[in-house]
$ cat upload09.pdb   # PDB, C-alpha atoms
ATOM      1  CA  MET N 117     -72.543 199.398  13.883
ATOM      2  CA  PRO N 118     -73.810 197.091  11.106
ATOM      3  CA  VAL N 119     -75.254 194.487  13.490
ATOM      4  CA  LEU N 120     -77.400 197.039  15.336
ATOM      5  CA  ALA N 121     -78.400 198.684  12.061
ATOM      6  CA  ASP N 122     -79.478 195.320  10.653
ATOM      7  CA  LEU N 123     -81.469 194.598  13.820
ATOM      8  CA  LEU N 124     -83.241 197.944  13.654
ATOM      9  CA  SER N 125     -84.032 197.408   9.981
ATOM     10  CA  ALA N 126     -85.468 193.966  10.706
ATOM     11  CA  LEU N 127     -87.613 195.292  13.554
ATOM     12  CA  ARG N 128     -89.061 198.005  11.309
ATOM     13  CA  SER N 129     -89.925 195.497   8.625
ATOM     14  CA  SER N 130     -92.553 192.768   8.623
ATOM     15  CA  ARG N 131     -89.843 190.099   8.908
ATOM     16  CA  VAL N 132     -89.698 190.278  12.705
ATOM     17  CA  GLU N 133     -92.768 190.138  14.922
ATOM     18  CA  VAL N 134     -92.691 191.307  18.533
ATOM     19  CA  VAL N 135     -94.910 189.023  20.640
ATOM     20  CA  ASP N 136     -96.034 190.333  24.020
ATOM     21  CA  LEU N 137     -95.885 187.547  26.615
ATOM     22  CA  THR N 138     -97.016 189.712  29.539
ATOM     23  CA  ALA N 139    -100.328 189.445  31.384
ATOM     24  CA  PRO N 140    -102.016 192.843  31.912
ATOM     25  CA  LEU N 141    -101.502 194.060  35.475
ATOM     26  CA  SER N 142    -104.653 195.147  37.305
ATOM     27  CA  ALA N 143    -106.665 194.612  40.467
ATOM     28  CA  SER N 144    -108.077 191.435  38.907
ATOM     29  CA  THR N 145    -104.663 189.845  38.242
ATOM     30  CA  PRO N 146    -104.607 186.410  39.931
ATOM     31  CA  VAL N 147    -102.333 186.166  42.964
ATOM     32  CA  LEU N 148    -100.831 183.111  44.660
ATOM     33  CA  GLN N 149    -102.601 182.166  47.898
ATOM     34  CA  LEU N 150    -100.517 180.344  50.507
ATOM     35  CA  PRO N 151    -102.329 178.497  53.307
ATOM     36  CA  PRO N 152    -102.057 179.590  56.952
ATOM     37  CA  PRO N 153     -99.843 180.277  58.776
ATOM     38  CA  PHE N 154     -97.829 181.634  55.815
ATOM     39  CA  ALA N 155     -98.031 185.337  54.921
ATOM     40  CA  ASN N 156     -99.343 186.322  51.480
ATOM     41  CA  THR N 157     -98.398 189.067  49.070
ATOM     42  CA  THR N 158    -100.712 191.970  48.368
ATOM     43  CA  GLY N 159    -102.389 192.131  44.974
ATOM     44  CA  PHE N 160    -102.028 194.983  42.520
ATOM     45  CA  ARG N 161    -103.805 198.262  43.246
ATOM     46  CA  LEU N 162    -103.732 201.617  41.437
ATOM     47  CA  GLU N 163    -104.296 204.702  43.600
ATOM     48  CA  GLU N 164    -105.016 207.927  41.778
ATOM     49  CA  ILE N 165    -102.995 211.006  42.789
ATOM     50  CA  SER N 166    -104.528 213.476  40.344
ATOM     51  CA  ARG N 167    -106.313 213.428  37.003
ATOM     52  CA  TYR N 168    -106.525 216.835  35.332
ATOM     53  CA  ASP N 169    -108.287 218.292  38.380
ATOM     54  CA  ASP N 170    -107.583 220.570  41.347
ATOM     55  CA  ARG N 171    -105.038 218.063  42.669
ATOM     56  CA  GLY N 172    -103.083 218.517  39.439
ATOM     57  CA  PRO N 173    -104.820 220.456  36.677
ATOM     58  CA  ARG N 174    -102.678 219.369  33.731
ATOM     59  CA  TRP N 175    -101.478 215.909  34.649
ATOM     60  CA  TYR N 176    -102.624 212.395  35.503
ATOM     61  CA  TRP N 177    -100.630 210.004  37.701
ATOM     62  CA  ASN N 178    -101.005 207.223  40.234
ATOM     63  CA  ASP N 179     -99.350 205.432  43.086
ATOM     64  CA  ILE N 180     -99.062 201.694  42.597
ATOM     65  CA  HIS N 181     -99.333 199.096  45.351
ATOM     66  CA  THR N 182     -98.182 195.591  44.567
ATOM     67  CA  GLY N 183     -96.058 192.701  45.700
ATOM     68  CA  GLU N 184     -92.864 191.742  43.907
ATOM     69  CA  HIS N 185     -94.399 188.421  42.841
ATOM     70  CA  VAL N 186     -97.658 189.569  41.248
ATOM     71  CA  GLY N 187     -98.650 189.053  37.625
ATOM     72  CA  THR N 188     -95.974 188.294  35.062
ATOM     73  CA  HIS N 189     -92.879 188.476  37.221
ATOM     74  CA  VAL N 190     -89.285 187.360  37.725
ATOM     75  CA  ASP N 191     -88.125 185.217  40.631
ATOM     76  CA  ALA N 192     -84.549 186.205  41.489
ATOM     77  CA  PRO N 193     -82.246 183.576  43.040
ATOM     78  CA  ASN N 194     -82.443 185.248  46.473
ATOM     79  CA  HIS N 195     -86.209 184.648  46.524
ATOM     80  CA  TRP N 196     -85.581 181.197  48.015
ATOM     81  CA  LEU N 197     -83.595 179.950  50.994
ATOM     82  CA  SER N 198     -81.445 177.800  48.720
ATOM     83  CA  GLY N 199     -80.407 180.919  46.769
ATOM     84  CA  LYS N 200     -80.307 183.427  49.615
ATOM     85  CA  ASP N 201     -76.695 184.366  48.845
ATOM     86  CA  GLY N 202     -77.406 184.709  45.136
ATOM     87  CA  HIS N 203     -78.438 187.665  43.004
ATOM     88  CA  SER N 204     -81.248 189.977  44.030
ATOM     89  CA  VAL N 205     -83.424 191.140  41.155
ATOM     90  CA  ASP N 206     -81.373 194.299  40.557
ATOM     91  CA  GLN N 207     -78.200 192.207  40.316
ATOM     92  CA  ILE N 208     -79.359 189.783  37.616
ATOM     93  CA  PRO N 209     -76.964 190.273  34.672
ATOM     94  CA  LEU N 210     -78.684 191.919  31.723
ATOM     95  CA  ARG N 211     -77.328 189.222  29.420
ATOM     96  CA  THR N 212     -79.289 186.690  31.474
ATOM     97  CA  LEU N 213     -82.485 188.623  30.740
ATOM     98  CA  ILE N 214     -82.026 188.467  26.952
ATOM     99  CA  GLY N 215     -81.614 185.086  25.339
ATOM    100  CA  PRO N 216     -82.920 182.370  23.028
ATOM    101  CA  ALA N 217     -86.195 180.705  23.994
ATOM    102  CA  ALA N 218     -87.031 177.028  23.801
ATOM    103  CA  VAL N 219     -90.795 176.454  23.951
ATOM    104  CA  LEU N 220     -91.930 173.043  25.196
ATOM    105  CA  ASP N 221     -95.636 172.532  24.523
ATOM    106  CA  VAL N 222     -97.618 170.032  26.616
ATOM    107  CA  SER N 223    -100.956 171.859  26.378
ATOM    108  CA  ALA N 224    -102.728 168.856  24.829
ATOM    109  CA  ARG N 225    -101.710 166.652  27.754
ATOM    110  CA  VAL N 226    -102.649 169.269  30.349
ATOM    111  CA  ALA N 227    -106.110 169.610  28.775
ATOM    112  CA  GLY N 228    -106.810 166.082  29.967
ATOM    113  CA  ASP N 229    -104.835 166.274  33.203
ATOM    114  CA  PRO N 230    -104.503 169.604  35.046
ATOM    115  CA  ASP N 231    -102.085 167.955  37.500
ATOM    116  CA  PHE N 232     -99.632 167.006  34.738
ATOM    117  CA  LEU N 233     -95.976 167.154  35.812
ATOM    118  CA  LEU N 234     -93.180 167.691  33.316
ATOM    119  CA  GLY N 235     -90.570 164.925  33.482
ATOM    120  CA  ILE N 236     -86.977 164.599  32.339
ATOM    121  CA  ASP N 237     -88.085 162.255  29.547
ATOM    122  CA  ASP N 238     -90.433 164.961  28.213
ATOM    123  CA  VAL N 239     -87.546 167.410  27.917
ATOM    124  CA  ARG N 240     -85.291 164.820  26.309
ATOM    125  CA  GLU N 241     -88.013 163.945  23.814
ATOM    126  CA  TRP N 242     -88.243 167.648  22.919
ATOM    127  CA  GLU N 243     -84.462 167.765  22.479
ATOM    128  CA  ARG N 244     -84.514 164.767  20.142
ATOM    129  CA  GLU N 245     -86.897 166.658  17.874
ATOM    130  CA  HIS N 246     -85.593 170.215  18.186
ATOM    131  CA  GLY N 247     -81.992 169.968  19.367
ATOM    132  CA  PRO N 248     -80.385 170.765  22.724
ATOM    133  CA  LEU N 249     -81.710 173.396  25.072
ATOM    134  CA  PRO N 250     -80.047 176.754  24.346
ATOM    135  CA  GLU N 251     -76.911 177.660  26.280
ATOM    136  CA  GLY N 252     -77.750 180.642  28.489
ATOM    137  CA  GLY N 253     -81.319 180.684  27.174
ATOM    138  CA  TRP N 254     -84.762 180.144  28.657
ATOM    139  CA  LEU N 255     -87.006 177.092  28.703
ATOM    140  CA  LEU N 256     -90.636 178.226  28.391
ATOM    141  CA  TYR N 257     -93.198 175.647  29.502
ATOM    142  CA  ARG N 258     -96.434 175.954  27.509
ATOM    143  CA  THR N 259     -99.437 174.313  29.183
ATOM    144  CA  GLY N 260    -102.347 176.375  27.811
ATOM    145  CA  TRP N 261    -102.970 177.644  31.341
ATOM    146  CA  ASP N 262    -102.895 181.276  30.185
ATOM    147  CA  ALA N 263    -106.450 180.772  28.881
ATOM    148  CA  ARG N 264    -107.539 180.800  32.549
ATOM    149  CA  SER N 265    -105.586 183.875  33.620
ATOM    150  CA  GLY N 266    -108.522 186.285  33.541
ATOM    151  CA  ASP N 267    -110.190 184.586  36.508
ATOM    152  CA  GLN N 268    -108.560 183.899  39.887
ATOM    153  CA  ASP N 269    -110.669 180.831  40.712
ATOM    154  CA  SER N 270    -110.120 179.164  37.352
ATOM    155  CA  PHE N 271    -106.442 180.084  37.346
ATOM    156  CA  LEU N 272    -105.693 178.678  40.809
ATOM    157  CA  ASN N 273    -108.135 175.779  40.244
ATOM    158  CA  VAL N 274    -108.562 174.844  43.903
ATOM    159  CA  SER N 275    -110.603 171.805  44.886
ATOM    160  CA  ASP N 276    -110.438 169.454  47.853
ATOM    161  CA  GLY N 277    -108.188 171.986  49.578
ATOM    162  CA  ALA N 278    -105.480 171.807  46.901
ATOM    163  CA  SER N 279    -104.594 173.761  43.776
ATOM    164  CA  HIS N 280    -104.637 171.594  40.648
ATOM    165  CA  THR N 281    -102.282 173.151  38.109
ATOM    166  CA  PRO N 282     -99.542 171.745  35.873
ATOM    167  CA  GLY N 283     -96.009 171.730  37.207
ATOM    168  CA  VAL N 284     -92.657 170.002  37.130
ATOM    169  CA  SER N 285     -91.605 166.787  38.829
ATOM    170  CA  PRO N 286     -88.957 167.134  41.564
ATOM    171  CA  GLU N 287     -86.567 164.994  39.509
ATOM    172  CA  CYS N 288     -87.012 167.199  36.443
ATOM    173  CA  ALA N 289     -86.587 170.374  38.531
ATOM    174  CA  GLN N 290     -83.259 169.045  39.794
ATOM    175  CA  TRP N 291     -82.193 168.071  36.268
ATOM    176  CA  LEU N 292     -83.059 171.526  34.915
ATOM    177  CA  ALA N 293     -81.078 173.109  37.737
ATOM    178  CA  GLU N 294     -77.991 170.901  37.537
ATOM    179  CA  GLU N 295     -77.796 169.579  33.970
ATOM    180  CA  ALA N 296     -79.666 171.924  31.618
ATOM    181  CA  PRO N 297     -77.632 174.853  30.230
ATOM    182  CA  ILE N 298     -80.528 177.316  30.623
ATOM    183  CA  ALA N 299     -80.435 180.610  32.557
ATOM    184  CA  GLY N 300     -84.103 180.544  33.456
ATOM    185  CA  PHE N 301     -87.411 178.713  33.357
ATOM    186  CA  GLY N 302     -90.759 180.306  32.478
ATOM    187  CA  VAL N 303     -94.362 179.151  32.957
ATOM    188  CA  GLU N 304     -97.942 180.278  32.313
ATOM    189  CA  THR N 305     -99.143 179.383  35.815
ATOM    190  CA  VAL N 306     -99.158 181.530  38.966
ATOM    191  CA  GLY N 307     -95.756 180.148  39.985
ATOM    192  CA  THR N 308     -93.082 177.819  38.645
ATOM    193  CA  ASP N 309     -94.289 175.019  40.957
ATOM    194  CA  ALA N 310     -97.462 173.065  41.466
ATOM    195  CA  GLU N 311     -98.298 172.012  45.051
ATOM    196  CA  LEU N 312     -95.800 169.243  45.675
ATOM    197  CA  GLU N 313     -93.791 167.445  48.261
ATOM    198  CA  PRO N 314     -91.006 168.276  48.734
ATOM    199  CA  ILE N 315     -92.387 171.790  48.778
ATOM    200  CA  PHE N 316     -91.688 173.938  45.675
ATOM    201  CA  PRO N 317     -88.892 171.937  43.979
ATOM    202  CA  CYS N 318     -88.447 174.373  41.060
ATOM    203  CA  HIS N 319     -87.938 177.277  43.440
ATOM    204  CA  ASP N 320     -85.584 175.268  45.602
ATOM    205  CA  ARG N 321     -83.480 173.684  42.856
ATOM    206  CA  LEU N 322     -83.417 176.340  40.131
ATOM    207  CA  LEU N 323     -83.031 179.411  42.332
ATOM    208  CA  GLY N 324     -80.480 177.562  44.421
ATOM    209  CA  ALA N 325     -78.490 176.984  41.232
ATOM    210  CA  GLY N 326     -78.503 180.725  40.472
ATOM    211  CA  LYS N 327     -81.117 180.413  37.733
ATOM    212  CA  CYS N 328     -84.240 182.578  37.436
ATOM    213  CA  GLY N 329     -87.955 181.883  37.355
ATOM    214  CA  LEU N 330     -90.537 183.621  35.172
ATOM    215  CA  THR N 331     -94.272 183.256  35.743
ATOM    216  CA  GLN N 332     -97.736 184.049  34.399
ATOM    217  CA  LEU N 333     -96.681 184.263  30.768
ATOM    218  CA  ARG N 334     -99.177 184.585  27.929
ATOM    219  CA  ASN N 335     -99.182 183.917  24.191
ATOM    220  CA  LEU N 336     -96.571 181.166  24.183
ATOM    221  CA  ALA N 337     -98.707 179.553  21.464
ATOM    222  CA  GLN N 338     -97.449 182.317  19.145
ATOM    223  CA  LEU N 339     -93.819 181.268  19.540
ATOM    224  CA  PRO N 340     -92.024 178.532  17.583
ATOM    225  CA  PRO N 341     -90.317 175.701  19.491
ATOM    226  CA  THR N 342     -86.944 177.344  18.745
ATOM    227  CA  GLY N 343     -85.715 180.532  17.139
ATOM    228  CA  ALA N 344     -87.393 183.242  19.247
ATOM    229  CA  LEU N 345     -85.349 185.776  21.194
ATOM    230  CA  LEU N 346     -86.725 186.461  24.681
ATOM    231  CA  VAL N 347     -86.442 189.819  26.476
ATOM    232  CA  VAL N 348     -87.296 190.027  30.202
ATOM    233  CA  SER N 349     -87.495 193.486  31.809
ATOM    234  CA  PRO N 350     -87.985 193.484  35.597
ATOM    235  CA  LEU N 351     -87.654 196.607  37.719
ATOM    236  CA  PRO N 352     -84.188 196.847  39.323
ATOM    237  CA  ILE N 353     -85.521 196.848  42.892
ATOM    238  CA  VAL N 354     -82.461 197.121  45.118
ATOM    239  CA  GLY N 355     -82.249 193.983  47.225
ATOM    240  CA  GLY N 356     -85.554 192.748  45.830
ATOM    241  CA  SER N 357     -86.477 189.078  45.532
ATOM    242  CA  GLY N 358     -88.355 189.606  42.285
ATOM    243  CA  SER N 359     -90.320 192.111  40.250
ATOM    244  CA  PRO N 360     -93.244 192.416  37.882
ATOM    245  CA  ALA N 361     -91.789 192.396  34.374
ATOM    246  CA  ARG N 362     -92.617 193.223  30.785
ATOM    247  CA  VAL N 363     -91.712 190.171  28.759
ATOM    248  CA  TYR N 364     -91.695 189.894  24.981
ATOM    249  CA  ALA N 365     -90.113 187.889  22.214
ATOM    250  CA  PHE N 366     -88.756 188.643  18.762
ATOM    251  CA  VAL N 367     -89.855 186.086  16.178
ATOM    252  CA  GLU N 368     -88.637 186.008  12.603
ATOM    253  CA  ARG N 369     -91.447 185.216  10.190
ATOM    254  CA  ALA N 370     -91.083 183.892   6.667
TER
END
$ encode --input "upload09.pdb" --output "structure tokens"
Amino acid sequence: MPVLADLLSALRSSRVEVVDLTAPLSASTPVLQLPPPFANTTGFRLEEISRYDDRGPRWYWNDIHTGEHVGTHVDAPNHWLSGKDGHSVDQIPLRTLIGPAAVLDVSARVAGDPDFLLGIDDVREWEREHGPLPEGGWLLYRTGWDARSGDQDSFLNVSDGASHTPGVSPECAQWLAEEAPIAGFGVETVGTDAELEPIFPCHDRLLGAGKCGLTQLRNLAQLPPTGALLVVSPLPIVGGSGSPARVYAFVERA
């Protein structure tokens, strides 16, 4: 198996760096807050079962309590009404979860405008410089928002009754769903959408097209615009609409 042997050799050398794109999962992990009357997910909680004590003298373990859509997580197509007949998270093909990453960086623009919305022209401008979006790959949307991810208030950035975070225009969401050859779309924010009308266009368009969402990423600044290989590892929750995931990328360095 020369291809696998070459890959293993590269991973053991300094030629390939593994970049962790996952936010640590803890009780302080920011969680999306929907307004009434909508129900909200629970946050993450670790409940100790035993820790080298009379409950279990030689072992330490915990129960975990969390929603599917907490922390760095995958949105499966069946998460949204438009994709209700699509894949649940355990049915997402493994080849969808491993693919080339295109990193589109608008962090400088978001620094001056937290309500910035990605447009079709922004993606086309990126393509003119870096080439077409990868077939079956992932578009990762870098906004610099991961710098806020240690604090719920800063991360959700609510004022005047609305959350002010970068997102995607409805027209661009539809274009990504219908025209772009990608398998999924990833962001650094709490969800793939900002607060918009019509409500949640990325969820509606992308999941309805059988594509996946990926949220609360970190360290996208460490990836090149093209050339990284993304690996997404959600739990195969039977019938689940999503799952927390470990996400990382292989990057070849000179």
$ closest_residue --input "upload09.pdb" --among "N:Leu148, N:Leu210, N:Ala263, N:Leu292" --to "Arg240 (chain N)" --atoms "all atoms listed in the file"
N:Leu292
$ closest_atom_pairs --input "upload09.pdb" --of "region 201-258 of chain N" --to "region 357-369 of chain N" --cutoff "12 Å" --atoms "all atoms listed in the file" --output "Markdown table"
| residue | atom | partner | partner_atom | distance |
| --- | --- | --- | --- | --- |
| N:Asp201 | CA | N:Ser357 | CA | 11.4 |
| N:Gly202 | CA | N:Ser357 | CA | 10.1 |
| N:His203 | CA | N:Ser357 | CA | 8.5 |
| N:Ser204 | CA | N:Ser357 | CA | 5.5 |
| N:Val205 | CA | N:Gly358 | CA | 5.3 |
| N:Asp206 | CA | N:Gly358 | CA | 8.6 |
| N:Gln207 | CA | N:Ser357 | CA | 10.3 |
| N:Ile208 | CA | N:Gly358 | CA | 10.1 |
| N:Leu213 | CA | N:Val363 | CA | 9.6 |
| N:Ile214 | CA | N:Ala365 | CA | 9.4 |
| N:Gly215 | CA | N:Ala365 | CA | 9.5 |
| N:Pro216 | CA | N:Ala365 | CA | 9.1 |
| N:Ala217 | CA | N:Ala365 | CA | 8.4 |
| N:Ala218 | CA | N:Ala365 | CA | 11.4 |
| N:Val219 | CA | N:Ala365 | CA | 11.6 |
| N:Trp254 | CA | N:Ala365 | CA | 11.4 |
| N:Leu256 | CA | N:Ala365 | CA | 11.5 |
$ closest_atom_pairs --input "upload09.pdb" --of "region 186-260 of chain N" --to "region 275-283 of chain N" --cutoff "8 Å" --atoms "all atoms listed in the file" --output "JSON lines"
{"residue": "N:Val226", "atom": "CA", "partner": "N:Pro282", "partner_atom": "CA", "distance": 6.8}
{"residue": "N:Pro230", "atom": "CA", "partner": "N:Thr281", "partner_atom": "CA", "distance": 5.2}
{"residue": "N:Asp231", "atom": "CA", "partner": "N:Pro282", "partner_atom": "CA", "distance": 4.8}
{"residue": "N:Phe232", "atom": "CA", "partner": "N:Pro282", "partner_atom": "CA", "distance": 4.9}
{"residue": "N:Leu233", "atom": "CA", "partner": "N:Gly283", "partner_atom": "CA", "distance": 4.8}
{"residue": "N:Leu234", "atom": "CA", "partner": "N:Gly283", "partner_atom": "CA", "distance": 6.3}
{"residue": "N:Thr259", "atom": "CA", "partner": "N:Pro282", "partner_atom": "CA", "distance": 7.2}
$ closest_residue --input "upload09.pdb" --among "N:Gln338, N:Val222, N:Val132, N:Gly324" --to "Glu241 (chain N)" --atoms "all atoms listed in the file"
N:Val222
$ resolve_selection --input "upload09.pdb" --expression "the PyMOL selection byres ((chain N and resi 220) around 6)" --output "PyMOL selection string"
chain N and resi 219+221+257-258
$ write_last_selection --input "upload09.pdb" --atoms "C-alpha atoms" --output "PDB file, in the coordinates of the input"
ATOM      1  CA  VAL N 219     -90.795 176.454  23.951  1.00  0.00           C
ATOM      2  CA  ASP N 221     -95.636 172.532  24.523  1.00  0.00           C
ATOM      3  CA  TYR N 257     -93.198 175.647  29.502  1.00  0.00           C
ATOM      4  CA  ARG N 258     -96.434 175.954  27.509  1.00  0.00           C
TER       5      ARG N 258
END
$ atom_distance --input "upload09.pdb" --atom1 "CA of Lys200 (chain N)" --atom2 "CA of Thr305 (chain N)"
23.7 Å
$ atom_distance --input "upload09.pdb" --atom1 "CA of Arg244 (chain N)" --atom2 "CA of Pro340 (chain N)"
15.9 Å
$ resolve_selection --input "upload09.pdb" --expression "the PyMOL selection byres ((chain N and resi 291) around 12)" --output "MDAnalysis selection string"
chainID N and resid 234:240 284:290 292:298 317:318 321:322 325
$ atom_distance --input "upload09.pdb" --atom1 "CA of Leu339 (chain N)" --atom2 "CA of Leu127 (chain N)"
16.5 Å
$ resolve_selection --input "upload09.pdb" --expression "the PyMOL selection byres ((chain N and resi 303) around 10)" --output "list in words"
Thr188, Leu255, Leu256, Tyr257, Arg258, Thr259, Gly260, Trp261, Asp262, Pro282, Gly283, Phe301, Gly302, Glu304, Thr305, Val306, Gly307, Thr308, Asp309, Gly329, Leu330, Thr331, Gln332, Leu333, Arg334 and Leu336 of chain N
$ axis_aligned_box --input "upload09.pdb" --around "region 235-254 of chain N" --padding-each-side "4 Å" --output "JSON"
{"center_x": -83.7, "center_y": 171.5, "center_z": 25.7, "size_x": 21.7, "size_y": 26.4, "size_z": 23.6}
$ closest_residue --input "upload09.pdb" --among "N:Cys328, N:Ala155, N:Ala224, N:Ile315" --to "Gly252 (chain N)" --atoms "all atoms listed in the file"
N:Cys328
$ closest_residue --input "upload09.pdb" --among "N:Leu249, N:Ala310, N:Ile353, N:Leu123" --to "Pro341 (chain N)" --atoms "all atoms listed in the file"
N:Leu249
$ residues_around --input "upload09.pdb" --residues "region 158-161 of chain N" --least-positions-apart "2" --cutoff "9 Å" --atoms "only C-alpha atoms" --output "ChimeraX atom specification"
/N:141-147,156,163,179-183,186-187
